[in-house]
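A.B. asks: You'll find structure_12.tsv just under this line, and it carries TSV, C-alpha atoms.
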chain	number	residue	atom	x	y	z
A	119	MET	CA	0.00	0.00	0.00
A	120	THR	CA	1.41	3.39	-1.04
A	121	VAL	CA	1.29	6.13	1.57
A	122	PRO	CA	0.60	9.59	0.10
A	123	THR	CA	3.31	12.12	0.67
A	124	THR	CA	0.75	14.82	1.58
A	125	GLN	CA	-2.42	14.35	3.52
A	126	ALA	CA	-5.55	16.49	3.33
A	127	PRO	CA	-6.13	18.78	6.31
A	128	GLU	CA	-8.19	17.24	9.07
A	129	LEU	CA	-9.87	18.74	12.12
A	130	THR	CA	-10.95	16.52	15.01
A	131	THR	CA	-13.19	17.73	17.85
A	132	GLU	CA	-12.66	16.36	21.32
A	133	GLY	CA	-15.08	16.89	24.19
A	134	SER	CA	-18.19	19.03	24.41
A	135	GLU	CA	-18.17	22.82	24.17
A	136	PRO	CA	-15.83	24.44	24.88
A	137	SER	CA	-14.13	21.83	22.73
A	138	ARG	CA	-10.54	20.92	22.07
A	139	LEU	CA	-9.54	20.84	18.38
A	140	ARG	CA	-6.79	18.63	17.02
A	141	LEU	CA	-5.33	19.47	13.60
A	142	SER	CA	-3.49	17.11	11.27
A	143	GLY	CA	-2.53	16.80	7.62
A	144	CYS	CA	-1.18	19.52	5.34
A	145	TRP	CA	-2.45	23.04	5.97
A	146	THR	CA	-0.96	24.61	2.86
A	147	LEU	CA	-1.95	26.60	-0.21
A	148	GLU	CA	-2.51	23.37	-2.14
A	149	HIS	CA	-5.36	22.48	0.26
A	150	ALA	CA	-6.67	26.02	0.87
A	151	LEU	CA	-10.28	25.13	0.04
A	152	ALA	CA	-10.18	22.04	2.25
A	153	VAL	CA	-8.71	24.09	5.10
A	154	GLY	CA	-11.57	26.59	4.85
A	155	ALA	CA	-14.15	23.81	4.78
A	156	ALA	CA	-12.61	22.10	7.84
A	157	LEU	CA	-12.58	25.32	9.86
A	158	LYS	CA	-16.24	25.98	9.03
A	159	GLN	CA	-17.16	22.68	10.69
A	160	ALA	CA	-15.46	23.65	13.95
A	161	PRO	CA	-17.70	24.38	16.96
A	162	HIS	CA	-18.16	27.96	18.07
A	163	GLU	CA	-16.82	27.47	21.62
A	164	VAL	CA	-13.17	26.40	21.50
A	165	ALA	CA	-10.91	25.99	24.48
A	166	GLU	CA	-7.69	24.83	22.79
A	167	VAL	CA	-6.36	24.13	19.31
A	168	ASP	CA	-3.60	21.53	19.06
A	169	ALA	CA	-1.69	21.97	15.80
A	170	THR	CA	1.37	19.96	16.79
A	171	GLY	CA	0.18	17.10	14.56
A	172	VAL	CA	0.15	19.19	11.40
A	173	GLN	CA	2.38	17.60	8.77
A	174	ARG	CA	3.05	20.72	6.67
A	175	LEU	CA	2.19	24.38	7.31
A	176	ASP	CA	2.69	27.47	5.18
A	177	SER	CA	1.65	31.13	5.34
A	178	VAL	CA	-1.82	30.45	3.90
A	179	GLY	CA	-2.56	27.96	6.65
A	180	VAL	CA	-1.33	30.30	9.38
A	181	LEU	CA	-3.37	33.22	8.04
A	182	GLN	CA	-6.53	31.09	7.89
A	183	LEU	CA	-6.00	29.97	11.48
A	184	MET	CA	-5.47	33.59	12.55
A	185	ARG	CA	-8.69	34.59	10.80
A	186	PHE	CA	-10.47	31.70	12.54
A	187	ALA	CA	-9.19	32.99	15.88
A	188	ARG	CA	-10.44	36.53	15.14
A	189	ARG	CA	-13.88	35.28	14.16
A	190	HIS	CA	-14.22	33.23	17.35
A	191	GLU	CA	-12.58	35.94	19.50
A	192	LEU	CA	-9.77	33.63	20.62
A	193	ASP	CA	-6.36	34.60	21.94
A	194	PHE	CA	-4.15	33.21	19.19
A	195	ASP	CA	-1.01	32.90	21.33
A	196	ALA	CA	-2.80	31.30	24.29
A	197	VAL	CA	-5.19	28.90	22.51
A	198	PHE	CA	-3.10	27.59	19.59
A	199	ARG	CA	-0.17	25.21	20.05
A	200	PHE	CA	2.20	24.49	17.15
A	201	HIS	CA	5.07	22.10	16.52
A	202	ASP	CA	8.53	23.47	17.24
A	203	SER	CA	9.41	23.42	13.53
A	204	HIS	CA	6.45	25.68	12.73
A	205	ARG	CA	6.85	28.28	15.45
A	206	ALA	CA	9.33	30.44	13.50
A	207	LEU	CA	6.92	30.70	10.58
A	208	VAL	CA	3.98	31.54	12.84
A	209	SER	CA	6.00	34.20	14.68
A	210	ALA	CA	7.14	35.80	11.41
A	211	ILE	CA	3.58	36.01	10.06
A	212	GLU	CA	2.30	37.40	13.36
A	213	ASP	CA	4.87	40.19	13.13
A	214	VAL	CA	3.76	41.35	9.66
A	215	ALA	CA	0.01	40.73	10.03
A	216	ASP	CA	-1.81	43.85	11.22
A	217	GLU	CA	-4.81	42.75	13.25
A	218	ARG	CA	-5.77	46.22	14.35
A	219	PRO	CA	-9.21	47.25	13.12
A	220	LYS	CA	-9.33	50.08	10.62
A	221	LYS	CA	-9.91	53.44	12.18
A	222	LYS	CA	-13.40	54.63	11.47
A	223	ARG	CA	-13.88	58.11	10.13
A	224	GLU	CA	-15.27	60.34	12.83
A	225	TYR	CA	-18.12	62.71	12.13
A	226	GLY	CA	-19.44	65.68	14.03
A	227	PHE	CA	-18.35	69.21	14.84
A	228	GLN	CA	-15.29	68.23	16.87
A	229	ALA	CA	-13.96	65.88	14.18
A	230	ALA	CA	-14.60	68.46	11.44
A	231	LEU	CA	-12.81	71.10	13.51
A	232	GLY	CA	-9.87	68.73	13.96
A	233	ARG	CA	-9.63	68.05	10.22
A	234	LEU	CA	-9.81	71.79	9.55
A	235	GLY	CA	-6.96	72.37	11.98
A	236	PHE	CA	-4.78	69.74	10.33
A	237	ALA	CA	-5.55	71.21	6.89
A	238	VAL	CA	-4.60	74.71	8.04
A	239	THR	CA	-1.37	73.37	9.54
A	240	ASP	CA	-0.47	71.53	6.32
A	241	ASN	CA	-1.20	74.62	4.20
A	242	TRP	CA	0.88	76.79	6.53
A	243	LYS	CA	3.79	74.36	6.17
A	244	GLU	CA	3.42	74.57	2.38
A	245	VAL	CA	3.57	78.37	2.57
A	246	LEU	CA	6.71	78.25	4.72
A	247	ALA	CA	8.31	75.75	2.36
A	248	LEU	CA	7.51	77.98	-0.63
A	249	VAL	CA	8.99	81.06	1.09
A	250	ALA	CA	12.12	79.12	2.06
A	251	PHE	CA	12.46	77.74	-1.47
A	252	PHE	CA	12.07	81.25	-2.91
A	253	GLY	CA	14.87	82.48	-0.65
A	254	GLU	CA	17.15	79.62	-1.64
A	255	THR	CA	16.47	80.15	-5.35
A	256	LEU	CA	17.01	83.91	-5.08
A	257	VAL	CA	20.35	83.46	-3.31
A	258	LYS	CA	21.56	81.00	-5.93
A	259	MET	CA	20.36	83.22	-8.77
A	260	LEU	CA	22.41	86.09	-7.31
A	261	ARG	CA	25.34	83.69	-7.08
A	262	LEU	CA	25.30	83.48	-10.87
A	263	PHE	CA	26.75	87.01	-11.07
A	264	LYS	CA	29.75	85.80	-9.06
A	265	ASN	CA	30.08	82.46	-10.88
A	266	PRO	CA	28.65	82.86	-14.40
A	267	SER	CA	29.79	79.34	-15.29
A	268	ARG	CA	26.89	77.97	-13.24
A	269	PHE	CA	24.39	79.45	-15.68
A	270	ARG	CA	22.83	76.92	-18.12
A	271	PRO	CA	21.97	78.86	-21.30
A	272	THR	CA	21.05	75.78	-23.34
A	273	ALA	CA	18.57	74.52	-20.75
A	274	THR	CA	17.14	78.02	-20.31
A	275	VAL	CA	16.54	78.49	-24.04
A	276	HIS	CA	15.00	75.02	-24.28
A	277	HIS	CA	12.53	75.83	-21.50
A	278	MET	CA	11.79	79.21	-23.06
A	279	GLU	CA	10.75	77.45	-26.23
A	280	GLN	CA	8.73	74.86	-24.33
A	281	VAL	CA	7.03	77.39	-22.06
A	282	GLY	CA	6.65	80.31	-24.46
A	283	LEU	CA	6.65	79.54	-28.16
A	284	ASP	CA	4.66	76.33	-27.85
A	285	ALA	CA	1.96	78.15	-25.84
A	286	VAL	CA	1.48	81.10	-28.22
A	287	PRO	CA	-1.29	79.52	-30.38
A	288	LEU	CA	-3.28	78.44	-27.33
A	289	ILE	CA	-2.95	81.79	-25.56
A	290	ALA	CA	-3.80	83.78	-28.71
A	291	LEU	CA	-6.87	81.69	-29.56
A	292	LEU	CA	-8.19	81.67	-26.01
A	293	CYS	CA	-7.80	85.43	-25.49
A	294	TYR	CA	-9.22	86.21	-28.94
A	295	LEU	CA	-12.39	84.28	-28.11
A	296	VAL	CA	-12.65	85.76	-24.62
A	297	GLY	CA	-12.25	89.25	-26.07
A	298	ALA	CA	-15.10	88.52	-28.47
A	299	VAL	CA	-17.27	87.22	-25.62
A	300	VAL	CA	-16.56	90.30	-23.46
A	301	ALA	CA	-17.52	92.58	-26.36
A	302	PHE	CA	-20.76	90.66	-26.94
A	303	LEU	CA	-21.71	90.74	-23.25
A	304	GLY	CA	-20.90	94.43	-22.92
A	305	SER	CA	-22.86	95.35	-26.02
A	306	THR	CA	-26.04	93.66	-24.77
A	307	ILE	CA	-26.14	96.08	-21.84
A	308	LEU	CA	-24.68	99.21	-23.44
A	309	LYS	CA	-26.94	99.20	-26.51
A	310	ASP	CA	-29.98	99.73	-24.26
A	311	PHE	CA	-28.48	103.13	-23.39
A	312	GLY	CA	-27.31	103.89	-26.90
A	313	ALA	CA	-23.66	103.64	-25.79
A	314	THR	CA	-22.45	100.69	-27.85
A	315	ILE	CA	-19.27	102.56	-28.72
A	316	PHE	CA	-18.12	102.21	-25.10
A	317	VAL	CA	-17.49	98.53	-25.80
A	318	VAL	CA	-14.09	99.72	-27.03
A	319	GLU	CA	-13.11	100.99	-23.58
A	320	LEU	CA	-14.59	97.92	-21.91
A	321	VAL	CA	-12.51	95.48	-23.94
A	322	SER	CA	-9.30	97.50	-23.90
A	323	ILE	CA	-9.29	98.21	-20.16
A	324	ALA	CA	-10.38	94.67	-19.26
A	325	PHE	CA	-7.61	93.03	-21.27
A	326	LEU	CA	-4.85	95.51	-20.54
A	327	ARG	CA	-5.41	95.44	-16.78
A	328	GLU	CA	-6.84	92.00	-15.95
A	329	PHE	CA	-7.81	89.44	-18.54
A	330	GLY	CA	-4.58	89.40	-20.55
A	331	VAL	CA	-2.24	88.58	-17.68
A	332	LEU	CA	-4.81	86.54	-15.72
A	333	LEU	CA	-5.75	84.19	-18.57
A	334	THR	CA	-2.08	83.75	-19.51
A	335	ALA	CA	-1.11	82.95	-15.92
A	336	ILE	CA	-3.97	80.47	-15.48
A	337	VAL	CA	-3.12	78.65	-18.71
A	338	LEU	CA	0.56	78.45	-17.80
A	339	ALA	CA	-0.30	77.38	-14.25
A	340	GLY	CA	-2.13	74.38	-15.68
A	341	ARG	CA	0.27	73.75	-18.54
A	342	THR	CA	3.72	74.69	-17.28
A	343	ALA	CA	3.53	74.11	-13.53
A	344	SER	CA	2.30	70.57	-14.12
A	345	ALA	CA	5.06	69.97	-16.67
A	346	PHE	CA	7.75	71.22	-14.27
A	347	THR	CA	6.42	69.04	-11.44
A	348	ALA	CA	6.14	65.94	-13.63
A	349	GLN	CA	9.62	66.38	-15.14
A	350	ILE	CA	11.42	66.96	-11.85
A	351	GLY	CA	9.28	64.42	-10.01
A	352	ALA	CA	10.15	61.73	-12.56
A	353	MET	CA	13.83	62.53	-12.04
A	354	VAL	CA	13.38	62.23	-8.28
A	355	SER	CA	11.63	58.87	-8.61
A	356	ARG	CA	14.44	57.58	-10.84
A	357	GLU	CA	16.99	58.89	-8.31
A	358	GLU	CA	18.54	61.21	-10.88
A	359	VAL	CA	18.40	64.14	-8.47
A	360	ASP	CA	20.34	62.09	-5.91
A	361	ALA	CA	22.88	61.30	-8.61
A	362	ILE	CA	23.24	65.04	-9.35
A	363	ARG	CA	23.99	65.69	-5.68
A	364	THR	CA	26.42	62.76	-5.60
A	365	LEU	CA	28.34	64.28	-8.50
A	366	GLY	CA	28.76	67.48	-6.47
A	367	MET	CA	26.29	69.58	-8.50
A	368	ASP	CA	23.36	71.59	-7.22
A	369	PRO	CA	19.87	70.52	-8.44
A	370	VAL	CA	18.66	74.10	-8.03
A	371	ASP	CA	21.27	75.35	-10.51
A	372	LEU	CA	20.52	72.60	-13.01
A	373	LEU	CA	16.77	72.13	-12.70
A	374	VAL	CA	15.14	75.12	-11.02
A	375	ILE	CA	16.92	78.30	-12.13
A	376	PRO	CA	16.64	77.62	-15.92
A	377	ARG	CA	12.90	77.02	-15.55
A	378	VAL	CA	12.38	80.10	-13.37
A	379	LEU	CA	14.32	82.37	-15.74
A	380	ALA	CA	12.51	80.94	-18.78
A	381	LEU	CA	9.10	81.66	-17.29
A	382	LEU	CA	10.18	85.12	-16.06
A	383	VAL	CA	11.10	86.04	-19.64
A	384	MET	CA	8.26	84.36	-21.52
A	385	LEU	CA	5.19	85.09	-19.37
A	386	PRO	CA	5.37	88.91	-19.95
A	387	LEU	CA	5.78	88.27	-23.68
A	388	LEU	CA	2.83	85.89	-23.69
A	389	THR	CA	0.83	88.46	-21.72
A	390	PHE	CA	1.50	91.00	-24.47
A	391	VAL	CA	0.33	88.48	-27.08
A	392	ALA	CA	-2.79	87.84	-25.00
A	393	MET	CA	-3.56	91.55	-24.82
A	394	ILE	CA	-3.24	91.98	-28.59
A	395	ALA	CA	-5.38	88.89	-29.24
A	396	GLY	CA	-8.10	90.08	-26.85
A	397	LEU	CA	-8.20	93.53	-28.49
A	398	LEU	CA	-8.48	91.88	-31.91
A	399	GLY	CA	-11.37	89.77	-30.64
A	400	GLY	CA	-13.19	92.90	-29.52
A	401	LEU	CA	-12.39	94.59	-32.83
A	402	THR	CA	-13.83	91.65	-34.77
A	403	VAL	CA	-17.09	91.71	-32.82
A	404	GLY	CA	-17.30	95.50	-33.11
A	405	ALA	CA	-16.79	95.41	-36.86
A	406	TYR	CA	-19.02	92.45	-37.76
A	407	GLY	CA	-21.52	92.29	-34.91
A	408	LEU	CA	-22.02	95.82	-33.62
A	409	ASP	CA	-21.75	97.81	-36.86
A	410	ILE	CA	-18.75	99.76	-35.65
A	411	PRO	CA	-16.38	100.34	-38.59
A	412	PRO	CA	-12.81	99.16	-37.92
A	413	GLN	CA	-11.47	102.68	-38.53
A	414	GLN	CA	-13.83	104.14	-35.94
A	415	TYR	CA	-13.06	101.31	-33.49
A	416	LEU	CA	-9.30	101.83	-33.80
A	417	ALA	CA	-9.63	105.60	-33.56
A	418	ARG	CA	-11.73	105.29	-30.40
A	419	MET	CA	-9.26	102.83	-28.92
A	420	HIS	CA	-6.39	105.17	-29.74
A	421	GLU	CA	-8.14	108.09	-28.04
A	422	THR	CA	-9.19	106.28	-24.87
A	423	MET	CA	-6.39	103.79	-24.25
A	424	GLN	CA	-4.07	104.80	-21.42
A	425	LEU	CA	-0.54	103.62	-20.79
A	426	ARG	CA	-1.17	103.07	-17.08
A	427	HIS	CA	-3.59	100.22	-17.79
A	428	PHE	CA	-0.92	98.45	-19.83
A	429	LEU	CA	1.71	98.96	-17.14
A	430	VAL	CA	-0.61	97.66	-14.42
A	431	GLY	CA	-1.20	94.45	-16.36
A	432	MET	CA	2.44	93.93	-17.28
A	433	SER	CA	3.64	94.59	-13.73
A	434	LYS	CA	1.80	91.50	-12.50
A	435	ALA	CA	3.30	89.15	-15.10
A	436	PRO	CA	6.77	88.65	-13.48
A	437	ILE	CA	5.20	88.00	-10.07
A	438	PHE	CA	2.86	85.37	-11.50
A	439	ALA	CA	5.76	83.82	-13.44
A	440	LEU	CA	7.90	83.55	-10.32
A	441	LEU	CA	5.03	82.06	-8.34
A	442	ILE	CA	4.11	79.45	-10.95
A	443	SER	CA	7.68	78.33	-11.60
A	444	LEU	CA	8.60	78.07	-7.91
A	445	ILE	CA	5.49	76.05	-7.05
A	446	GLY	CA	6.02	73.69	-10.00
A	447	CYS	CA	9.68	73.06	-9.15
A	448	LEU	CA	9.11	72.77	-5.39
A	449	GLU	CA	6.32	70.20	-5.78
A	450	GLY	CA	8.54	68.20	-8.13
A	451	LEU	CA	11.39	68.11	-5.63
A	452	GLN	CA	8.96	66.97	-2.91
A	453	VAL	CA	8.00	63.78	-4.80
A	454	LYS	CA	8.56	60.70	-2.62
A	455	GLY	CA	9.65	58.34	-5.39
A	456	THR	CA	6.45	56.58	-6.46
A	457	ALA	CA	4.20	57.09	-9.46
A	458	GLN	CA	1.31	57.92	-7.15
A	459	SER	CA	3.36	60.66	-5.49
A	460	VAL	CA	4.17	62.18	-8.90
A	461	GLY	CA	0.46	62.36	-9.72
A	462	GLU	CA	-0.46	63.82	-6.35
A	463	ARG	CA	2.25	66.48	-6.50
A	464	THR	CA	1.35	67.40	-10.09
A	465	THR	CA	-2.27	67.92	-9.10
A	466	SER	CA	-1.19	69.90	-6.05
A	467	SER	CA	1.05	72.20	-8.09
A	468	VAL	CA	-1.74	73.03	-10.56
A	469	VAL	CA	-4.28	73.70	-7.80
A	470	GLN	CA	-1.87	75.82	-5.77
A	471	SER	CA	-0.69	77.82	-8.79
A	472	ILE	CA	-4.16	78.66	-10.11
A	473	SER	CA	-5.51	79.45	-6.64
A	474	LEU	CA	-2.65	81.76	-5.70
A	475	VAL	CA	-2.70	83.49	-9.09
A	476	ILE	CA	-6.39	84.34	-8.69
A	477	VAL	CA	-5.95	85.44	-5.05
A	478	LEU	CA	-2.98	87.66	-5.88
A	479	ASP	CA	-4.75	89.13	-8.90
A	480	ALA	CA	-7.72	90.08	-6.72
A	481	PHE	CA	-5.35	91.63	-4.17
A	482	PHE	CA	-3.55	93.64	-6.86
A	483	ALA	CA	-6.84	94.81	-8.37
A	484	ILE	CA	-8.02	96.18	-5.01
A	485	TRP	CA	-4.64	97.69	-4.24
A	486	PHE	CA	-4.31	99.47	-7.61
A	487	MET	CA	-7.89	100.74	-7.30
A	488	GLU	CA	-7.18	102.18	-3.85
A	489	MET	CA	-3.99	103.78	-5.14
A	490	GLY	CA	-5.92	105.39	-7.99
A	491	TRP	CA	-3.96	103.62	-10.72
For this file, write the structure as structure tokens.

C.D. replies:
Amino acid sequence: MTVPTTQAPELTTEGSEPSRLRLSGCWTLEHALAVGAALKQAPHEVAEVDATGVQRLDSVGVLQLMRFARRHELDFDAVFRFHDSHRALVSAIEDVADERPKKKREYGFQAALGRLGFAVTDNWKEVLALVAFFGETLVKMLRLFKNPSRFRPTATVHHMEQVGLDAVPLIALLCYLVGAVVAFLGSTILKDFGATIFVVELVSIAFLREFGVLLTAIVLAGRTASAFTAQIGAMVSREEVDAIRTLGMDPVDLLVIPRVLALLVMLPLLTFVAMIAGLLGGLTVGAYGLDIPPQQYLARMHETMQLRHFLVGMSKAPIFALLISLIGCLEGLQVKGTAQSVGERTTSSVVQSISLVIVLDAFFAIWFMEMGW
């Protein structure tokens, strides 16, 4: 008679409840279904489980026994007895198995107040990190005057092309359409008073002061900040930034300063393109939708346009460029090394950039209005 090398798992009950269980056979992955079936037949009240007779035991068997103990509210260490050869495996699985119940989400005013406090603390830390990063970048940009060899002209020109030239069609089309929409909306109100010609001032002031720089900054916050974060974050996850430090080079000089300088140069130029496109959109609507001849429209715009509106709009462009580039680079350097972290930081950079651009633009609008500019 041939004796099988492996025996099916068996569970024997001894005595009435609380019973004593005796295990035998192979409690392994190969017999996982049989193990589950045997444990289902066990009585509810168990005093002791003797597993010293188990022929073979692997991690699947141990985990199923641990789950059995949890379901019956048994003390695994006190109730179960294993063979000496199996105790190392059981101890190792006990160390890595987390039996703590998942923390339930708390509701109510106190819990909401606690979450709000943690959110405010996290945002404050982000603000401090951004200010510190701005200081570090500024110091190292000033260091370029002392050591011009640290400047990377090729990388800077490459990012200028990527940030500026590639975004011109999108910025021009978007601002052209928005200029047309602003002219249409203004005309619907002004024509009731017989003042359709004032659409010229509406479009010119709106785009020179606000819409030109704001739309450009929002587009670049979504387009460029995310690109900066994804590029630098991918380098962090591949440990390329650590390699740069190992070679004795500064990641800020190589990765941050070229991007910051490129955006500082290109965002004012793109703002100018946005202003021209918005004015052309208003001109198109005035000529073909409001019966204002192009010559009259241009003459009115020439008479009423003031230089101070243009300067107010252009003065905000470098500040927005610095903000967007610093946030994009900082979030990229804060990536933890996983693909999920890259996605989270990219989303965070876009949200932070757009939010701060809008908040700062509102602040500047109020400040310039109070100053009479």

A.B. asks: Please report, as CSV, each residue of stretch 320-429 of chain A lying at most 8 Å from stretch 255-267 of chain A, together with the nearest pair of atoms and the separation in Å rounded to one decimal; use all atoms listed in the file, and order rows by chain and ascending residue number.

C.D. replies:
residue,atom,partner,partner_atom,distance
A:Val370,CA,A:Thr255,CA,7.0
A:Asp371,CA,A:Lys258,CA,7.3
A:Val374,CA,A:Thr255,CA,7.7
A:Ile375,CA,A:Met259,CA,6.9

A.B. asks: Please identify every residue of stretch 379-453 of chain A that has at least one atom no farther than 12 Å from an atom of stretch 305-309 of chain A, counting only C-alpha atoms, and for each give the shortest atom pair and the distance in Å to one decimal, arranged by chain then increasing number, as JSON lines.

C.D. replies:
{"residue": "A:Gly400", "atom": "CA", "partner": "A:Ser305", "partner_atom": "CA", "distance": 10.6}
{"residue": "A:Val403", "atom": "CA", "partner": "A:Ser305", "partner_atom": "CA", "distance": 9.6}
{"residue": "A:Gly404", "atom": "CA", "partner": "A:Ser305", "partner_atom": "CA", "distance": 9.0}
{"residue": "A:Gly407", "atom": "CA", "partner": "A:Ser305", "partner_atom": "CA", "distance": 9.5}
{"residue": "A:Leu408", "atom": "CA", "partner": "A:Ser305", "partner_atom": "CA", "distance": 7.7}
{"residue": "A:Asp409", "atom": "CA", "partner": "A:Ser305", "partner_atom": "CA", "distance": 11.2}
{"residue": "A:Ile410", "atom": "CA", "partner": "A:Ser305", "partner_atom": "CA", "distance": 11.4}

A.B. asks: Restricted to C-alpha atoms, what would the selected residues look like written as an mmCIF file, keeping the file's coordinate frame?

C.D. replies:
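After the write, result.cif holds the following:
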data_model
loop_
_atom_site.group_PDB
_atom_site.id
_atom_site.type_symbol
_atom_site.label_atom_id
_atom_site.label_comp_id
_atom_site.auth_asym_id
_atom_site.auth_seq_id
_atom_site.Cartn_x
_atom_site.Cartn_y
_atom_site.Cartn_z
ATOM 1 C CA GLY A 400 -13.190 92.900 -29.520
ATOM 2 C CA VAL A 403 -17.090 91.710 -32.820
ATOM 3 C CA GLY A 404 -17.300 95.500 -33.110
ATOM 4 C CA GLY A 407 -21.520 92.290 -34.910
ATOM 5 C CA LEU A 408 -22.020 95.820 -33.620
ATOM 6 C CA ASP A 409 -21.750 97.810 -36.860
ATOM 7 C CA ILE A 410 -18.750 99.760 -35.650
#

A.B. asks: Would you give me, as CSV, each residue of stretch 379-464 of chain A having an atom within 7 Å of an atom of stretch 316-328 of chain A, along with its shortest atom pair and that distance in Å to one decimal, using only C-alpha atoms and sorting by chain and residue number?

C.D. replies:
residue,atom,partner,partner_atom,distance
A:Met393,CA,A:Phe325,CA,5.6
A:Gly396,CA,A:Phe325,CA,6.3
A:Leu397,CA,A:Ser322,CA,6.2
A:Gly400,CA,A:Val321,CA,6.2
A:Tyr415,CA,A:Val318,CA,6.7
A:Arg418,CA,A:Val318,CA,6.9
A:Met419,CA,A:Val318,CA,6.0
A:Thr422,CA,A:Glu319,CA,6.7
A:Met423,CA,A:Ser322,CA,6.9
A:His427,CA,A:Arg327,CA,5.2
A:Phe428,CA,A:Leu326,CA,5.0
A:Val430,CA,A:Arg327,CA,5.8
A:Gly431,CA,A:Arg327,CA,4.3

A.B. asks: Compile the contact shell of A:Pro376 as a list in words: residues with an atom at most 9 Å away, counting all atoms listed in the file, same-chain residues fewer than 5 positions apart removed.

C.D. replies: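 Within the cut-off, the hits are Phe269, Arg270, Pro271, Thr272, Ala273, Thr274, Val275, His276, His277, Met278, Val370, Asp371 and Leu381 of chain A.
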
A.B. asks: So, counting all atoms listed in the file, which residue among A:Leu401, A:Trp242, A:Ser177, A:Val453 is closest to A:Gln413?

C.D. replies: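 Checking each of A:Leu401, A:Trp242, A:Ser177, A:Val453 against A:Gln413, counting all atoms listed in the file, the winner is A:Leu401.
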
A.B. asks: Taking all atoms listed in the file into account, which of A:Ala156, A:Ala345, A:Ala285, A:Ala480 comes nearest A:Thr465?

C.D. replies: A:Ala345

A.B. asks: So that I can check the surroundings of A:Asp176, please list as a tab-separated table (two decimals) with C-alpha atoms, in the frame of the given file every protein, DNA and RNA residue that reaches within 6 Å of it, counting only C-alpha atoms and ignoring chain neighbours fewer than 2 positions away.

C.D. replies:
chain	number	residue	atom	x	y	z
A	146	THR	CA	-0.96	24.61	2.86
A	178	VAL	CA	-1.82	30.45	3.90
A	179	GLY	CA	-2.56	27.96	6.65

A.B. asks: Out of A:Ala395, A:Ser433, A:Leu382, A:Gly455, which residue has the shortest atom-to-atom distance to A:Glu357 when counting all atoms listed in the file?

C.D. replies: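 For A:Glu357, the nearest of the given residues is A:Gly455.
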
A.B. asks: When you count all atoms listed in the file, which of these residues is closest to A:Val468: A:Gly133, A:Gly171, A:Pro411, A:Gly340?

C.D. replies: A:Gly340

A.B. asks: What separation in Å, quoted to one decimal, exists between atom CA of A:Thr389 and atom CA of A:Gly330?

C.D. replies: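 Rounded to one decimal, the two atoms are 5.6 Å apart.
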
A.B. asks: I need every residue sitting at most 9 Å from the point (-10.5, 25.5, 9.5) (coordinates as in the file, all atoms listed in the file considered), written as an MDAnalysis selection string.

C.D. replies: chainID A and resid 127:129 141 152:160 179 182:183 186

A.B. asks: Could you check the closest approach to A:Ser344 for each of A:Ala210, A:Ser443, A:Ile476, A:Leu385 and tell me which residue wins, using all atoms listed in the file?

C.D. replies: A:Ser443

A.B. asks: Smallest atom-to-atom distance to A:Val180: which of A:Val208, A:Leu192, A:Met367, A:Leu429, using all atoms listed in the file?

C.D. replies: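 Answer, going by the shortest atom-to-atom distance: A:Val208.
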
A.B. asks: Expressed in Å to a single decimal, how great is the separation between atom CA of A:Met384 and atom CA of A:Gly282?

C.D. replies: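 That distance, rounded to one decimal, is 5.3 Å.
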
A.B. asks: Interatomic distance between atom CA of A:Ala290 and atom CA of A:Cys447?

C.D. replies: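 Going from atom CA of A:Ala290 over to atom CA of A:Cys447 covers 26.1 Å.
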